[in-house]
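**Student:** Have a look at this one before I ask anything.
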Amino acid sequence: MNVKPKLAIFDVDGTIADRGNIPPEIVSGIKHLHSLGCITTVSTGRGFIRLKETLGEDFDTIISPEALLILEHGTKIVDRSGETVFGEFFSKSEIEHIIDFARANIELFKLVWYNPLDVSRKVEVCCLDEKDIDAEIKKRSHYARVFVSSLGELKELMLKEKLTNVTLKLKDYVKVENLKLAFTRTDTNVIFQDGNMEFIKNNINKGLSVRNVARQLHIEPEQMLIAGNAINDVEMLDAGSGLTILVGDKTTRDVILSYLSNPSQVVAVQTPAALGEFLAKL
């Protein structure tokens, strides 16, 4: 890279977080970027509440004071307080389509969840079977309101919200990863990642949101550093940044590289810790 990055945007899970933990090498690497005058932020599939939980005490280090955050696979951009700056929201008919799809494929998943627009509220997690609720409350109640509902009742709840992302938690026997599908009769896409099936609008992605954030900060693409690891990162890894970094083992990297326009220009590292060490040498 001929110039030092002015903006660095990182995916979270598997890129700067290893099984939900931020390695010290990442913190050191990001502090080094700050010493170069670089703004740092994230672009993640997570909602704001879960993001803050993952970053924990490192939130103020990883997210620069002037930064904007890209959430829910690029469908939402927020400020550091979680206030929405941009959102690509589902229409009534799209919510109905998601519920219709869930009803037709109900044997594939066990939970449905979504992030309310108001970040003072907990994530809404719906169990379709009452026998699952105790375990899910134990696992998720610190960040989520866990409840039991029929899909019809859930649809009525969702229609009252402004949603950019709806997640179906797949059952353990459903093994689909790093796959994106587009539907032909509705303006939604589906991302299979981390054991989830996630619905988003088909006119938005992390790449478009990265460009949006860069424009607002008056930063050119070649002045950006972008790092990611999964299928929902493809568009931002292909955004023409000055430095593109792909994190993961070779098998996973080969899958993601097959989607990219210029795979030979991508820097590969194995782990989040290795990414941090790489950043510290820039």
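We name chains A, B, ... following the order of the structure tokens; residues begin at 1 in each chain, and ligands are numbered from 1 as shown.
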Extract the full set of helix (DSSP H, G or I) residues from range 80-159 of chain A according to DSSP on the backbone, and format it as a ChimeraX atom specification.
**Tutor:** /A:92-104,106-108,130-140,151-158
**Student:** Go ahead and dump the residues you just picked, C-alpha atoms, as a short mmCIF file (atom, residue, chain, number, x, y, z; two decimals), in the first residue's frame.
**Tutor:**
```cif
data_model
loop_
_atom_site.label_atom_id
_atom_site.label_comp_id
_atom_site.auth_asym_id
_atom_site.auth_seq_id
_atom_site.Cartn_x
_atom_site.Cartn_y
_atom_site.Cartn_z
CA LYS A 92 -45.12 -5.12 4.86
CA SER A 93 -45.19 -7.56 1.93
CA GLU A 94 -41.56 -8.57 2.54
CA ILE A 95 -42.27 -9.34 6.20
CA GLU A 96 -45.21 -11.44 5.09
CA HIS A 97 -42.98 -13.27 2.60
CA ILE A 98 -40.42 -14.05 5.30
CA ILE A 99 -43.12 -15.50 7.53
CA ASP A 100 -44.61 -17.48 4.62
CA PHE A 101 -41.17 -18.90 3.83
CA ALA A 102 -40.63 -19.79 7.49
CA ARG A 103 -44.00 -21.53 7.66
CA ALA A 104 -43.26 -23.57 4.54
CA ILE A 106 -40.54 -24.77 9.58
CA GLU A 107 -38.67 -28.06 10.04
CA LEU A 108 -35.37 -26.34 9.18
CA GLU A 130 -42.17 -24.15 24.26
CA LYS A 131 -39.69 -26.87 25.23
CA ASP A 132 -36.84 -24.67 23.95
CA ILE A 133 -37.63 -21.57 25.96
CA ASP A 134 -35.88 -22.35 29.27
CA ALA A 135 -32.59 -23.12 27.57
CA GLU A 136 -32.83 -20.02 25.38
CA ILE A 137 -33.68 -17.76 28.32
CA LYS A 138 -30.66 -19.12 30.17
CA LYS A 139 -28.47 -18.52 27.13
CA ARG A 140 -29.80 -15.20 25.84
CA LEU A 151 -45.68 -17.62 13.27
CA GLY A 152 -48.97 -15.78 12.84
CA GLU A 153 -48.51 -13.95 16.14
CA LEU A 154 -44.88 -13.28 15.29
CA LYS A 155 -45.88 -11.71 11.98
CA GLU A 156 -48.16 -9.25 13.77
CA LEU A 157 -45.32 -8.28 16.11
CA MET A 158 -42.87 -7.84 13.25
#
```
**Student:** Would you pick out the contacts of Leu117 in chain A at 8 Å or less, using only C-alpha atoms, so that residues sharing its chain but fewer than 4 positions from it are not included, and give the list as a ChimeraX atom specification?
**Tutor:** /A:84,161-163
**Student:** My list of candidates is A:Leu7, A:Leu168, A:Val210, A:Val174. Which is closest to Ile191 in chain A when distances are computed with only C-alpha atoms?
**Tutor:** A:Leu168
**Student:** Run DSSP on the backbone and give me the residues of range 48-100 of chain A it puts in strand (DSSP E), as a list in words.
**Tutor:**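 Of range 48-100 of chain A, only Leu69, Ile70, Leu71, Lys76, Ile77, Val78, Thr84, Val85, Phe86 and Gly87 of chain A fall in strand (DSSP E).
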**Student:** Find the residues near Asp118 in chain A: any atom within 12 Å, counting only C-alpha atoms, skip ones fewer than 3 places away on the same chain, and give them as a list in words.
**Tutor:**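 Using only C-alpha atoms, the neighbours found are Gly47, Phe48, Ile49, Val78, Ser81, Gly82, Glu83, Thr84, Tyr114, Asn115, Arg121, Lys122, Val123, Glu124, Glu161, Lys162 and Leu163 of chain A.
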**Student:** Can you write out the residues you just picked, keeping N, CA and C atoms, as a short mmCIF file (atom, residue, chain, number, x, y, z; two decimals), in the first residue's frame?
**Tutor:**
```cif
data_model
loop_
_atom_site.label_atom_id
_atom_site.label_comp_id
_atom_site.auth_asym_id
_atom_site.auth_seq_id
_atom_site.Cartn_x
_atom_site.Cartn_y
_atom_site.Cartn_z
N GLY A 47 -26.36 -6.96 15.32
CA GLY A 47 -27.04 -5.74 15.70
C GLY A 47 -26.20 -5.00 16.74
N PHE A 48 -26.64 -3.79 17.09
CA PHE A 48 -25.84 -2.93 17.96
C PHE A 48 -25.65 -3.53 19.35
N ILE A 49 -26.69 -4.11 19.92
CA ILE A 49 -26.59 -4.65 21.27
C ILE A 49 -25.57 -5.77 21.34
N VAL A 78 -25.21 3.22 11.82
CA VAL A 78 -25.54 3.93 13.06
C VAL A 78 -24.33 4.72 13.53
N SER A 81 -23.63 5.84 19.39
CA SER A 81 -24.68 5.61 20.40
C SER A 81 -25.72 4.61 19.93
N GLY A 82 -25.63 4.16 18.66
CA GLY A 82 -26.61 3.24 18.11
C GLY A 82 -27.75 3.92 17.38
N GLU A 83 -27.72 5.25 17.30
CA GLU A 83 -28.78 5.99 16.59
C GLU A 83 -28.66 5.73 15.10
N THR A 84 -29.77 5.37 14.45
CA THR A 84 -29.74 5.01 13.04
C THR A 84 -29.53 6.23 12.15
N TYR A 114 -34.92 -10.76 15.73
CA TYR A 114 -34.71 -9.50 15.03
C TYR A 114 -34.30 -8.44 16.03
N ASN A 115 -33.66 -7.38 15.52
CA ASN A 115 -33.17 -6.28 16.34
C ASN A 115 -34.12 -5.09 16.24
N ARG A 121 -34.02 -1.26 23.68
CA ARG A 121 -34.75 -2.50 23.81
C ARG A 121 -33.85 -3.71 23.56
N LYS A 122 -34.23 -4.84 24.12
CA LYS A 122 -33.48 -6.06 23.90
C LYS A 122 -33.81 -6.65 22.53
N VAL A 123 -32.93 -7.53 22.07
CA VAL A 123 -33.20 -8.31 20.85
C VAL A 123 -34.44 -9.18 21.11
N GLU A 124 -35.30 -9.29 20.10
CA GLU A 124 -36.51 -10.10 20.20
C GLU A 124 -36.22 -11.51 19.67
N GLU A 161 -42.80 -3.25 13.69
CA GLU A 161 -41.41 -2.81 13.83
C GLU A 161 -40.88 -2.25 12.50
N LYS A 162 -39.74 -1.54 12.59
CA LYS A 162 -38.98 -1.16 11.40
C LYS A 162 -37.74 -2.04 11.39
N LEU A 163 -37.73 -3.04 10.49
CA LEU A 163 -36.70 -4.07 10.51
C LEU A 163 -35.86 -4.05 9.25
#
```
**Student:** Write out as a PyMOL selection string which residues come within 6 Å of range 266-277 of chain A when counting only C-alpha atoms, dropping same-chain ones fewer than 2 positions away.
**Tutor:** chain A and resi 15-16+23+25-26+29+244-249+263-264+279-280
